[in-house]
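A.B. asks: To be precise about what I am sending: the file is called data00.tsv and holds TSV, C-alpha atoms and all ligand atoms.
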```tsv
chain	number	residue	atom	x	y	z
X	46	MET	CA	221.03	211.45	82.98
X	47	VAL	CA	217.72	209.65	82.75
X	48	PRO	CA	215.00	212.26	82.32
X	49	CYS	CA	212.07	212.35	84.70
X	50	THR	CA	208.91	211.14	82.92
X	51	CYS	CA	206.44	213.04	85.07
X	52	SER	CA	204.37	215.81	83.52
X	53	GLU	CA	205.68	218.14	86.22
X	54	ALA	CA	208.59	217.37	88.52
X	55	GLY	CA	207.25	216.79	91.99
X	56	VAL	CA	203.86	215.58	90.82
X	57	ALA	CA	203.39	211.86	91.31
X	58	THR	CA	201.98	211.10	87.88
X	59	ALA	CA	204.16	209.21	85.46
X	60	VAL	CA	202.60	210.15	82.16
X	61	LYS	CA	203.85	207.19	80.23
X	62	ASP	CA	203.07	204.60	82.86
X	63	GLN	CA	199.41	203.88	82.32
X	64	THR	CA	199.56	200.29	83.49
X	65	GLN	CA	198.43	201.24	87.00
X	66	THR	CA	195.14	202.57	85.74
X	67	ARG	CA	194.33	199.39	83.84
X	68	PRO	CA	191.14	197.77	85.16
X	69	SER	CA	192.38	194.30	86.01
X	70	GLU	CA	195.71	192.70	86.72
X	71	GLN	CA	194.27	189.21	86.27
X	72	THR	CA	193.85	189.39	82.53
X	73	LEU	CA	196.13	190.31	79.68
X	74	VAL	CA	196.30	194.01	78.94
X	75	GLU	CA	194.58	194.01	75.57
X	76	ILE	CA	196.24	195.78	72.67
X	77	ASP	CA	194.05	194.24	69.96
X	78	LYS	CA	191.28	191.64	69.76
X	79	VAL	CA	191.59	190.50	66.14
X	80	PRO	CA	194.27	189.33	65.79
X	81	LEU	CA	194.78	188.78	69.49
X	82	ILE	CA	197.55	190.92	70.95
X	83	GLY	CA	197.99	191.47	74.66
X	84	GLU	CA	200.67	192.22	77.17
X	85	THR	CA	201.40	190.89	80.64
X	86	PRO	CA	200.14	193.22	83.40
X	87	GLN	CA	202.80	195.31	85.12
X	88	SER	CA	202.26	193.64	88.50
X	89	LEU	CA	203.16	190.25	87.00
X	90	LEU	CA	206.53	191.47	85.77
X	91	GLN	CA	208.06	190.51	89.09
X	92	ASN	CA	207.11	186.81	88.91
X	93	TRP	CA	209.91	184.64	87.59
X	94	LEU	CA	207.36	182.48	85.76
X	95	THR	CA	204.39	183.99	83.97
X	96	PRO	CA	201.13	181.98	84.26
X	97	ASN	CA	199.96	180.83	80.81
X	98	PRO	CA	196.81	183.00	80.68
X	99	LEU	CA	198.92	186.10	81.47
X	100	PHE	CA	201.81	185.33	79.11
X	101	TYR	CA	201.91	188.07	76.46
X	102	VAL	CA	200.39	187.20	73.08
X	103	ARG	CA	201.53	188.58	69.75
X	104	ASN	CA	199.60	187.25	66.74
X	105	HIS	CA	199.83	188.63	63.22
X	106	PHE	CA	196.76	186.76	61.97
X	107	ASP	CA	193.69	185.04	63.37
X	108	THR	CA	194.44	182.00	65.48
X	109	PRO	CA	194.26	179.00	63.11
X	110	GLU	CA	191.83	176.14	63.67
X	111	ILE	CA	193.72	172.95	64.31
X	112	GLU	CA	192.12	169.55	63.61
X	113	MET	CA	194.36	167.03	65.35
X	114	SER	CA	193.11	163.97	63.44
X	115	SER	CA	194.46	165.39	60.18
X	116	TRP	CA	197.25	167.58	61.62
X	117	ARG	CA	200.77	166.84	60.30
X	118	LEU	CA	204.15	168.55	60.44
X	119	SER	CA	205.94	168.36	57.10
X	120	VAL	CA	209.73	168.11	57.09
X	121	ASP	CA	211.27	168.48	53.63
X	122	GLY	CA	213.65	170.39	51.38
X	123	PHE	CA	217.36	169.52	51.54
X	124	VAL	CA	216.83	166.30	53.50
X	125	SER	CA	217.33	162.66	52.55
X	126	GLU	CA	214.06	161.50	54.12
X	127	PRO	CA	211.29	164.05	53.70
X	128	GLY	CA	208.05	163.20	55.44
X	129	GLN	CA	205.02	164.13	57.48
X	130	LEU	CA	205.22	163.74	61.25
X	131	ASN	CA	202.21	163.37	63.49
X	132	PHE	CA	202.12	164.73	67.03
X	133	TYR	CA	203.26	161.41	68.55
X	134	ASP	CA	206.24	161.15	66.19
X	135	VAL	CA	207.49	164.34	67.87
X	136	LYS	CA	206.48	163.29	71.40
X	137	ARG	CA	208.41	160.02	71.21
X	138	LEU	CA	211.68	161.93	70.72
X	139	PRO	CA	213.74	162.74	73.86
X	140	LYS	CA	212.02	165.47	75.88
X	141	TYR	CA	213.92	168.61	76.93
X	142	THR	CA	212.74	171.21	79.43
X	143	SER	CA	214.02	174.76	79.71
X	144	THR	CA	212.93	178.04	81.33
X	145	ILE	CA	212.98	180.64	78.57
X	146	THR	CA	212.09	184.33	78.48
X	147	LEU	CA	210.45	185.57	75.29
X	148	GLU	CA	210.29	189.27	74.51
X	149	CYS	CA	208.53	190.78	71.52
X	150	ALA	CA	210.90	192.93	69.45
X	151	GLY	CA	208.30	195.74	69.75
X	152	ASN	CA	208.13	195.68	73.56
X	153	ASN	CA	208.16	199.22	75.06
X	154	ARG	CA	207.44	200.74	71.65
X	155	SER	CA	205.12	203.24	73.35
X	156	ASP	CA	208.17	204.77	75.05
X	157	LEU	CA	209.57	206.04	71.75
X	158	GLU	CA	209.64	209.71	71.00
X	159	PRO	CA	208.67	210.52	68.29
X	160	PRO	CA	206.20	207.61	68.23
X	161	THR	CA	206.46	204.90	65.58
X	162	PRO	CA	203.57	202.93	64.05
X	163	GLY	CA	202.88	199.43	65.35
X	164	ASN	CA	201.45	197.95	68.51
X	165	GLN	CA	201.96	200.42	71.31
X	166	PHE	CA	203.31	197.97	73.87
X	167	GLN	CA	204.29	199.27	77.25
X	168	ALA	CA	206.68	197.06	79.25
X	169	GLY	CA	204.62	193.83	79.23
X	170	ALA	CA	205.45	192.15	75.92
X	171	VAL	CA	207.93	189.98	77.80
X	172	SER	CA	207.16	186.81	79.76
X	173	THR	CA	208.83	183.64	80.96
X	174	ALA	CA	207.67	180.02	80.92
X	175	VAL	CA	209.04	176.53	81.39
X	176	TRP	CA	208.92	175.11	77.88
X	177	ALA	CA	209.20	171.41	77.08
X	178	GLY	CA	209.40	169.56	73.81
X	179	ALA	CA	211.73	167.90	71.34
X	180	ALA	CA	215.05	169.34	70.22
X	181	LEU	CA	214.64	170.67	66.67
X	182	LYS	CA	218.06	169.12	65.99
X	183	ASP	CA	216.65	165.62	66.61
X	184	ILE	CA	213.87	166.17	64.07
X	185	LEU	CA	216.34	167.49	61.49
X	186	GLU	CA	218.82	164.70	62.09
X	187	GLU	CA	216.11	162.07	61.63
X	188	ALA	CA	215.23	163.68	58.32
X	189	GLY	CA	218.93	163.63	57.30
X	190	ILE	CA	220.30	167.03	56.30
X	191	GLU	CA	221.82	167.03	52.83
X	192	PRO	CA	225.03	168.88	51.87
X	193	GLY	CA	224.39	172.45	50.72
X	194	ALA	CA	221.80	173.20	53.43
X	195	ARG	CA	222.07	176.84	54.58
X	196	GLN	CA	218.95	177.67	56.51
X	197	VAL	CA	215.82	176.10	57.91
X	198	LEU	CA	212.49	177.69	57.04
X	199	PHE	CA	209.51	177.40	59.38
X	200	GLU	CA	205.87	177.90	58.47
X	201	GLY	CA	202.98	178.55	60.82
X	202	ALA	CA	199.45	177.32	60.11
X	203	ASP	CA	198.12	180.89	60.37
X	204	SER	CA	197.74	183.17	57.35
X	205	GLY	CA	196.28	186.48	56.25
X	206	THR	CA	197.12	189.80	54.63
X	207	PRO	CA	199.45	191.79	56.89
X	208	VAL	CA	199.28	194.83	54.60
X	209	PRO	CA	195.72	195.85	53.67
X	210	GLY	CA	195.20	195.11	49.96
X	211	GLY	CA	198.50	193.20	49.82
X	212	PRO	CA	199.11	189.51	49.16
X	213	GLU	CA	197.88	186.73	51.43
X	214	MET	CA	200.68	184.87	53.20
X	215	SER	CA	201.42	182.55	56.06
X	216	TYR	CA	203.81	183.30	58.93
X	217	LEU	CA	207.23	182.28	57.62
X	218	ARG	CA	210.62	182.73	59.28
X	219	SER	CA	214.01	181.09	58.81
X	220	LEU	CA	216.97	180.34	61.06
X	221	PRO	CA	220.62	179.84	60.14
X	222	MET	CA	221.71	176.20	60.26
X	223	GLU	CA	223.78	176.63	63.44
X	224	VAL	CA	220.83	178.04	65.39
X	225	ALA	CA	218.45	175.38	64.07
X	226	MET	CA	220.96	172.66	65.03
X	227	HIS	CA	221.69	174.16	68.46
X	228	PRO	CA	220.65	171.58	71.07
X	229	ASP	CA	218.66	174.21	73.01
X	230	THR	CA	216.34	175.15	70.13
X	231	LEU	CA	213.03	173.50	70.93
X	232	VAL	CA	209.92	172.31	69.15
X	233	ALA	CA	207.73	172.76	72.21
X	234	TYR	CA	204.46	171.03	73.10
X	235	GLU	CA	204.29	172.03	76.78
X	236	MET	CA	204.23	175.40	78.49
X	237	ASN	CA	204.51	175.57	82.29
X	238	GLN	CA	203.75	171.83	82.46
X	239	GLU	CA	200.49	172.22	80.57
X	240	GLU	CA	199.60	171.39	76.99
X	241	LEU	CA	200.59	174.34	74.79
X	242	PRO	CA	197.61	176.75	74.80
X	243	ILE	CA	196.14	177.47	71.35
X	244	GLU	CA	197.10	181.17	71.50
X	245	HIS	CA	200.72	180.18	72.13
X	246	GLY	CA	200.97	177.78	69.19
X	247	TYR	CA	199.22	174.44	69.92
X	248	PRO	CA	200.09	171.75	69.08
X	249	LEU	CA	203.76	172.60	68.34
X	250	ARG	CA	205.79	175.78	68.30
X	251	LEU	CA	209.39	176.67	67.87
X	252	VAL	CA	211.11	178.23	70.89
X	253	VAL	CA	214.41	179.86	69.97
X	254	PRO	CA	216.04	180.72	73.29
X	255	GLY	CA	217.73	184.10	73.52
X	256	TRP	CA	216.10	185.47	70.36
X	257	TYR	CA	213.32	188.02	70.19
X	258	GLY	CA	209.92	186.34	70.03
X	259	MET	CA	209.33	186.68	66.27
X	260	ALA	CA	211.72	183.74	65.67
X	261	SER	CA	209.62	181.33	67.74
X	262	VAL	CA	207.11	180.30	65.08
X	263	LYS	CA	203.76	179.16	66.51
X	264	TRP	CA	201.36	176.52	65.09
X	265	LEU	CA	204.31	174.96	63.31
X	266	SER	CA	203.09	173.21	60.15
X	267	GLY	CA	206.22	172.96	58.03
X	268	ILE	CA	209.99	172.70	58.39
X	269	LYS	CA	211.97	173.05	55.16
X	270	VAL	CA	215.75	172.84	54.89
X	271	ILE	CA	216.84	175.33	52.21
X	272	ASP	CA	220.06	176.12	50.33
X	273	TYR	CA	219.55	179.90	50.20
X	274	GLU	CA	218.93	182.85	52.52
X	275	PHE	CA	215.21	183.24	52.93
X	276	GLU	CA	213.63	186.62	52.24
X	277	GLY	CA	210.05	187.19	53.30
X	278	PHE	CA	207.72	189.75	54.84
X	279	PHE	CA	208.36	188.74	58.46
X	280	GLN	CA	212.07	188.20	57.81
X	281	THR	CA	213.38	191.02	55.61
X	282	ASP	CA	210.54	193.57	55.55
X	283	ARG	CA	209.54	193.49	59.22
X	284	TYR	CA	211.83	192.75	62.20
X	285	VAL	CA	214.80	194.51	60.61
X	286	ILE	CA	216.71	197.44	62.03
X	287	GLU	CA	219.13	199.91	60.46
X	288	ASN	CA	222.65	199.64	61.89
X	289	ASP	CA	225.09	202.52	62.38
X	290	ASP	CA	226.37	202.10	58.81
X	291	GLY	CA	222.86	202.45	57.37
X	292	VAL	CA	222.57	198.73	56.55
X	293	TRP	CA	219.30	196.97	57.39
X	294	GLU	CA	219.88	193.90	59.51
X	295	PRO	CA	217.51	191.23	60.79
X	296	ILE	CA	216.77	191.37	64.51
X	297	LYS	CA	218.09	188.34	66.36
X	298	GLU	CA	219.09	188.01	70.03
X	299	MET	CA	217.33	190.04	72.73
X	300	SER	CA	219.39	193.08	73.75
X	301	THR	CA	220.41	193.59	77.38
X	302	LYS	CA	217.55	195.14	79.31
X	303	SER	CA	216.10	195.56	82.79
X	304	LEU	CA	213.00	196.99	84.38
X	305	ILE	CA	211.75	198.14	87.76
X	306	SER	CA	208.59	196.19	88.52
X	307	SER	CA	208.06	197.62	92.00
X	308	PRO	CA	207.35	200.37	92.97
X	309	ALA	CA	205.20	201.41	90.04
X	310	GLY	CA	205.56	204.80	88.42
X	311	GLY	CA	203.58	207.47	90.26
X	312	GLU	CA	203.51	205.64	93.59
X	313	VAL	CA	203.67	207.66	96.80
X	314	LEU	CA	206.06	205.92	99.20
X	315	ALA	CA	206.42	206.22	102.95
X	316	ASN	CA	209.64	207.86	104.06
X	317	LYS	CA	211.36	204.63	105.17
X	318	PRO	CA	213.50	201.88	103.60
X	319	THR	CA	211.71	200.56	100.51
X	320	CYS	CA	212.25	197.41	98.48
X	321	VAL	CA	212.84	198.21	94.83
X	322	ALA	CA	212.64	195.07	92.64
X	323	GLY	CA	212.69	194.14	89.02
X	324	MET	CA	213.88	191.86	86.24
X	325	ALA	CA	216.83	191.86	83.85
X	326	TRP	CA	217.60	189.79	80.76
X	327	SER	CA	219.83	189.48	77.74
X	328	GLY	CA	219.62	187.07	74.81
X	329	ASN	CA	223.39	186.88	74.49
X	330	ALA	CA	224.39	185.76	77.97
X	331	GLN	CA	223.23	185.59	81.56
X	332	ILE	CA	222.97	188.77	83.58
X	333	LYS	CA	226.14	189.67	85.47
X	334	ASN	CA	224.88	192.66	87.41
X	335	VAL	CA	222.12	195.22	87.77
X	336	GLU	CA	222.74	198.77	88.95
X	337	PHE	CA	220.20	201.00	90.60
X	338	SER	CA	219.94	204.79	90.67
X	339	SER	CA	217.61	206.99	92.71
X	340	ASP	CA	218.84	210.27	91.21
X	341	GLY	CA	217.96	209.84	87.54
X	342	GLY	CA	221.22	208.10	86.65
X	343	GLN	CA	223.75	210.52	88.16
X	344	THR	CA	225.00	207.85	90.56
X	345	TRP	CA	224.60	204.07	90.49
X	346	GLU	CA	224.89	201.32	93.07
X	347	GLN	CA	224.85	197.53	92.78
X	348	ALA	CA	221.53	195.76	93.26
X	349	THR	CA	221.33	192.18	94.55
X	350	LEU	CA	220.50	189.39	92.11
X	351	THR	CA	217.91	187.03	93.55
X	352	GLY	CA	216.03	183.89	92.56
X	353	PRO	CA	217.15	181.38	89.94
X	354	SER	CA	219.94	182.21	87.48
X	355	GLU	CA	219.36	180.32	84.27
X	356	ARG	CA	220.93	180.82	80.88
X	357	TYR	CA	217.76	181.69	78.98
X	358	ALA	CA	215.51	183.11	81.71
X	359	TRP	CA	215.32	186.59	83.10
X	360	GLN	CA	217.00	187.43	86.39
X	361	GLN	CA	215.18	188.85	89.39
X	362	TRP	CA	216.95	191.60	91.33
X	363	HIS	CA	216.19	193.82	94.30
X	364	MET	CA	217.57	196.66	96.33
X	365	THR	CA	216.68	198.21	99.66
X	366	TRP	CA	216.51	201.93	99.04
X	367	THR	CA	216.42	204.39	101.92
X	368	PRO	CA	215.17	207.75	100.67
X	369	PRO	CA	217.33	210.57	102.08
X	370	ALA	CA	214.33	212.91	102.40
X	371	SER	CA	210.79	213.40	101.22
X	372	GLY	CA	210.33	214.60	97.63
X	373	HIS	CA	210.31	213.49	94.02
X	374	TYR	CA	212.72	210.78	92.83
X	375	THR	CA	213.57	209.35	89.43
X	376	LEU	CA	214.45	205.70	89.98
X	377	ALA	CA	216.29	203.75	87.29
X	378	CYS	CA	218.09	200.46	86.72
X	379	ARG	CA	220.49	199.15	84.13
X	380	ALA	CA	221.80	195.66	83.43
X	381	THR	CA	225.09	194.22	82.20
X	382	ASP	CA	225.39	190.67	80.87
X	383	ARG	CA	228.31	188.28	81.30
X	384	LEU	CA	229.66	189.22	77.88
X	385	GLY	CA	229.90	192.84	79.02
X	386	ASN	CA	226.89	194.11	77.04
X	387	VAL	CA	225.56	197.10	78.98
X	388	GLN	CA	221.99	198.31	78.68
X	389	PRO	CA	222.12	201.76	77.04
X	390	ILE	CA	220.76	204.85	78.79
X	391	LYS	CA	218.91	205.81	75.64
X	392	THR	CA	217.25	203.56	73.07
X	393	ARG	CA	218.47	203.96	69.52
X	394	TRP	CA	215.30	205.30	67.90
X	395	ASN	CA	214.35	203.36	64.76
X	396	ALA	CA	211.38	203.58	62.42
X	397	GLY	CA	210.17	200.03	63.16
X	398	GLY	CA	210.03	200.75	66.88
X	399	TYR	CA	212.11	197.66	67.71
X	400	VAL	CA	214.67	196.81	70.42
X	401	VAL	CA	213.56	199.51	72.86
X	402	ASN	CA	215.99	198.73	75.66
X	403	GLY	CA	217.04	202.12	76.99
X	404	VAL	CA	216.87	202.76	80.73
X	405	ARG	CA	213.23	203.32	81.68
X	406	PRO	CA	212.80	205.65	84.65
X	407	VAL	CA	210.15	205.19	87.34
X	408	CYS	CA	209.16	208.41	89.07
X	409	VAL	CA	207.95	208.21	92.66
X	410	THR	CA	207.18	210.63	95.46
X	411	VAL	CA	208.37	210.04	99.00
X	412	ALA	CA	205.83	211.44	101.43
X	413	ALA	CA	206.87	213.93	104.10
B	1	LIG	N1	204.14	182.51	64.89
B	1	LIG	C1	203.09	182.52	64.06
B	1	LIG	N2	202.79	181.41	63.37
B	1	LIG	N3	202.35	183.65	63.89
B	1	LIG	C2	202.64	184.81	64.56
B	1	LIG	O1	201.95	185.81	64.40
B	1	LIG	N4	204.16	185.93	66.13
B	1	LIG	C3	205.57	185.95	66.52
B	1	LIG	C4	205.98	184.65	67.20
B	1	LIG	N5	205.53	183.53	66.44
B	1	LIG	C5	203.76	184.81	65.43
B	1	LIG	C6	204.48	183.60	65.59
B	1	LIG	C7	205.89	187.06	67.40
B	1	LIG	S1	206.12	188.57	66.64
B	1	LIG	C8	206.12	186.89	68.73
B	1	LIG	S2	206.68	188.17	69.67
B	1	LIG	C9	205.89	185.59	69.37
B	1	LIG	O2	205.38	184.62	68.47
B	1	LIG	C10	204.89	185.75	70.50
B	1	LIG	O3	204.66	184.52	71.11
B	1	LIG	P1	203.47	184.41	72.16
B	1	LIG	O4	202.23	184.97	71.52
B	1	LIG	O5	203.36	182.97	72.52
B	1	LIG	O6	203.90	185.24	73.34
```
Is it possible to give me this structure as structure tokens?
Ligand code: MTE

C.D. replies:
Amino acid sequence: MVPCTCSEAGVATAVKDQTQTRPSEQTLVEIDKVPLIGETPQSLLQNWLTPNPLFYVRNHFDTPEIEMSSWRLSVDGFVSEPGQLNFYDVKRLPKYTSTITLECAGNNRSDLEPPTPGNQFQAGAVSTAVWAGAALKDILEEAGIEPGARQVLFEGADSGTPVPGGPEMSYLRSLPMEVAMHPDTLVAYEMNQEELPIEHGYPLRLVVPGWYGMASVKWLSGIKVIDYEFEGFFQTDRYVIENDDGVWEPIKEMSTKSLISSPAGGEVLANKPTCVAGMAWSGNAQIKNVEFSSDGGQTWEQATLTGPSERYAWQQWHMTWTPPASGHYTLACRATDRLGNVQPIKTRWNAGGYVVNGVRPVCVTVAA
């Protein structure tokens, strides 16, 4: 069963769903100003592509100032030809374009009970854009990977002190060799056919399709091929989750998840057939099916998948629901990907507040 989230059954107020009361749907829903953190408004979570100004932003530090005349991307470490690339060195490489959904590992953290520290995202730290750029593989191959290489380490041009009183650091993350060399891993310079906006990593950012957003390093300033497993604040201290055996593991691919984007929680619906619509995604494979429930998860029926189906982009779905009578309903959806990964009914609570992918009910009232 998926519990009703209303303060009182029968009252059309979804306590957790505050997005409706937000003042404007045309700007990011601000979580923090410095550093900038904002989520995509609820009403936009039904658009297959998210416009750049409404694409969620998750920064750990102040946005760096980039001076293009002196800007360089260093490529070094276990390579035969280390060097410094300028923007045009990257742009002259073959260009690849791909529609990719990014979700912050802390999306929906505000749903957790008991609450965990961290940005209290509702459902909007997930967005989709058409990204274009060079394949990371092409950059690495030009540099010539040397035997013994195990990982590739990426550095962003931003820095600060993530823990008050702690050491200053830049944003550093690594990828295993096979992910770095995957032809779909991009060093992007375009987002939705526009120059990459500064808040999304101008001039170059990594886009690691299928992985939670923390892997997609923005303001890329350095690429280093290394012969060890990198440990660092954003790699082994944050963005880790305890598995069932009590071992801490780094977060990687986005878990299977879906949401109802319309109707919104707390809506009062007319007693007639209603379109229920939403999105579903999984970092491991495309979405195979989405199920819908109007009785809090006691019974499920198949929803219809609509719109484009692309490997790395979320899937739109809809359902025509005919309420049997007036009253209070707990609507829910759950997704399954093509590898058979099913969205869980309940999120596995964890202290970091990551991977919140349990079924999220939407309570509505059907008028008499
Ligand atoms: N890269 C740098 N350099 N600095 C950052 O703070 N945040 C990461 C990732 N890349 C971050 C970064 C996190 S946690 C996420 S979820 C995504 O960027 C967010 O990308 P967006 O702001 O373009 O949506």

A.B. asks: Dump the neighbourhood of ligand LIG 1 (chain B) as an MDAnalysis selection string: all residues within 7 Å, distances computed on only C-alpha atoms and all ligand atoms.

C.D. replies: chainID X and resid 100:106 147:150 200:203 216 244:246 257:265

A.B. asks: Padding 8 Å on each side, edges along x, y and z: where is the centre of the box around the listed atoms of segment 163-176 of chain X, and how long are its edges in Å to one decimal? Output it as lines of an AutoDock Vina configuration file.

C.D. replies:
```
center_x = 205.2
center_y = 187.8
center_z = 73.4
size_x = 23.6
size_y = 41.3
size_z = 32.0
```

A.B. asks: Out of X:Gly255, X:Gly291, X:Gly398, X:Pro389, which residue has the shortest atom-to-atom distance to Arg356 of chain X when counting only C-alpha atoms?

C.D. replies: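 Going through X:Gly255, X:Gly291, X:Gly398, X:Pro389 one by one, the smallest distance to Arg356 of chain X is for X:Gly255.
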
A.B. asks: Nearest residue to Arg117 of chain X out of X:Pro254, X:Pro98, X:Pro248, X:Pro368, using all atoms listed in the file?

C.D. replies: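 Of X:Pro254, X:Pro98, X:Pro248, X:Pro368, the one nearest Arg117 of chain X, counting all atoms listed in the file, is X:Pro248.
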
A.B. asks: Between X:Gln167, X:Ser219, X:Gln331, X:Ser115, which has the minimum distance to Glu355 of chain X (counting all atoms listed in the file)?

C.D. replies: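 With all atoms listed in the file as the atom set, the closest residue is X:Gln331.
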
A.B. asks: I'd like the contact shell of Asn334 of chain X - 6 Å cut-off, only C-alpha atoms, skipping same-chain residues fewer than 2 positions apart - returned as an mmCIF file with C-alpha atoms, in the coordinates of the input.

C.D. replies:
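What follows is the written file result.cif:
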```cif
data_model
loop_
_atom_site.group_PDB
_atom_site.id
_atom_site.type_symbol
_atom_site.label_atom_id
_atom_site.label_comp_id
_atom_site.auth_asym_id
_atom_site.auth_seq_id
_atom_site.Cartn_x
_atom_site.Cartn_y
_atom_site.Cartn_z
ATOM 1 C CA ILE X 332 222.970 188.770 83.580
ATOM 2 C CA ALA X 380 221.800 195.660 83.430
ATOM 3 C CA THR X 381 225.090 194.220 82.200
#
```

A.B. asks: Would you compute the distance between atom CA of Glu276 of chain X and atom CA of Gln196 of chain X? Give it in Å to one decimal.

C.D. replies: 11.3 Å

A.B. asks: Counting all atoms listed in the file, figure out which residue out of X:Ser306, X:Asn131, X:Ala322, X:Phe278 gets nearest to Glu213 of chain X.

C.D. replies: X:Phe278

A.B. asks: Write out as a Markdown table a residue-level contact list of segment 137-215 of chain X versus segment 73-94 of chain X with cut-off 8 Å: for each qualifying residue the closest pair of atoms and the distance in Å to one decimal, counting all atoms listed in the file, rows sorted by chain and residue number upward.

C.D. replies:
```
| residue | atom | partner | partner_atom | distance |
| --- | --- | --- | --- | --- |
| X:Asn164 | CA | X:Ile76 | CA | 7.0 |
| X:Gln165 | CA | X:Ile76 | CA | 7.5 |
| X:Phe166 | CA | X:Glu84 | CA | 7.1 |
| X:Gln167 | CA | X:Glu84 | CA | 7.9 |
| X:Ala168 | CA | X:Gln87 | CA | 7.3 |
| X:Gly169 | CA | X:Thr85 | CA | 4.6 |
| X:Ala170 | CA | X:Glu84 | CA | 4.9 |
| X:Val171 | CA | X:Thr85 | CA | 7.2 |
| X:Ser172 | CA | X:Thr85 | CA | 7.1 |
| X:Thr173 | CA | X:Leu94 | CA | 5.2 |
| X:Ala174 | CA | X:Leu94 | CA | 5.4 |
| X:Val175 | CA | X:Leu94 | CA | 7.6 |
```

A.B. asks: What separation in Å, quoted to one decimal, exists between atom CA of Ser371 of chain X and atom CA of Val335 of chain X?

C.D. replies: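 One can read the atom CA of Ser371 of chain X to atom CA of Val335 of chain X distance as 25.3 Å.
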
A.B. asks: Go ahead and find all residues with at least one atom no further than 9 Å from (221.2, 172.9, 65.1) in the file's coordinates, using only C-alpha atoms; report them as a PyMOL selection string.

C.D. replies: chain X and resi 180-183+185+221-230

A.B. asks: As an mmCIF file, in the frame of the given file, could you write out segment 101-112 of chain X once it has been completed with N, CA, C and O atoms?

C.D. replies:
```
data_model
loop_
_atom_site.group_PDB
_atom_site.id
_atom_site.type_symbol
_atom_site.label_atom_id
_atom_site.label_comp_id
_atom_site.auth_asym_id
_atom_site.auth_seq_id
_atom_site.Cartn_x
_atom_site.Cartn_y
_atom_site.Cartn_z
ATOM 1 N N TYR X 101 202.266 187.147 77.562
ATOM 2 C CA TYR X 101 201.910 188.070 76.460
ATOM 3 C C TYR X 101 201.623 187.294 75.177
ATOM 4 O O TYR X 101 202.161 186.198 74.971
ATOM 5 N N VAL X 102 200.759 187.848 74.359
ATOM 6 C CA VAL X 102 200.390 187.200 73.080
ATOM 7 C C VAL X 102 200.648 188.196 71.961
ATOM 8 O O VAL X 102 200.238 189.359 72.040
ATOM 9 N N ARG X 103 201.324 187.735 70.918
ATOM 10 C CA ARG X 103 201.530 188.580 69.750
ATOM 11 C C ARG X 103 201.211 187.736 68.504
ATOM 12 O O ARG X 103 202.011 186.892 68.089
ATOM 13 N N ASN X 104 200.017 187.943 67.958
ATOM 14 C CA ASN X 104 199.600 187.250 66.740
ATOM 15 C C ASN X 104 199.545 188.244 65.586
ATOM 16 O O ASN X 104 199.093 189.373 65.775
ATOM 17 N N HIS X 105 199.953 187.791 64.418
ATOM 18 C CA HIS X 105 199.830 188.630 63.220
ATOM 19 C C HIS X 105 198.523 188.373 62.491
ATOM 20 O O HIS X 105 198.044 189.227 61.749
ATOM 21 N N PHE X 106 197.991 187.158 62.665
ATOM 22 C CA PHE X 106 196.760 186.760 61.970
ATOM 23 C C PHE X 106 195.819 186.115 62.984
ATOM 24 O O PHE X 106 196.207 185.884 64.127
ATOM 25 N N ASP X 107 194.614 185.768 62.497
ATOM 26 C CA ASP X 107 193.690 185.040 63.370
ATOM 27 C C ASP X 107 194.332 183.726 63.810
ATOM 28 O O ASP X 107 195.085 183.113 63.052
ATOM 29 N N THR X 108 193.958 183.299 64.998
ATOM 30 C CA THR X 108 194.440 182.000 65.480
ATOM 31 C C THR X 108 193.905 180.907 64.556
ATOM 32 O O THR X 108 192.697 180.865 64.302
ATOM 33 N N PRO X 109 194.772 180.029 64.041
ATOM 34 C CA PRO X 109 194.260 179.000 63.110
ATOM 35 C C PRO X 109 193.448 177.925 63.831
ATOM 36 O O PRO X 109 193.631 177.711 65.033
ATOM 37 N N GLU X 110 192.555 177.276 63.083
ATOM 38 C CA GLU X 110 191.830 176.140 63.670
ATOM 39 C C GLU X 110 192.630 174.884 63.402
ATOM 40 O O GLU X 110 193.016 174.624 62.263
ATOM 41 N N ILE X 111 192.881 174.140 64.446
ATOM 42 C CA ILE X 111 193.720 172.950 64.310
ATOM 43 C C ILE X 111 192.842 171.709 64.502
ATOM 44 O O ILE X 111 192.168 171.581 65.523
ATOM 45 N N GLU X 112 192.853 170.818 63.522
ATOM 46 C CA GLU X 112 192.120 169.550 63.610
ATOM 47 C C GLU X 112 193.150 168.446 63.807
ATOM 48 O O GLU X 112 193.864 168.073 62.868
#
```
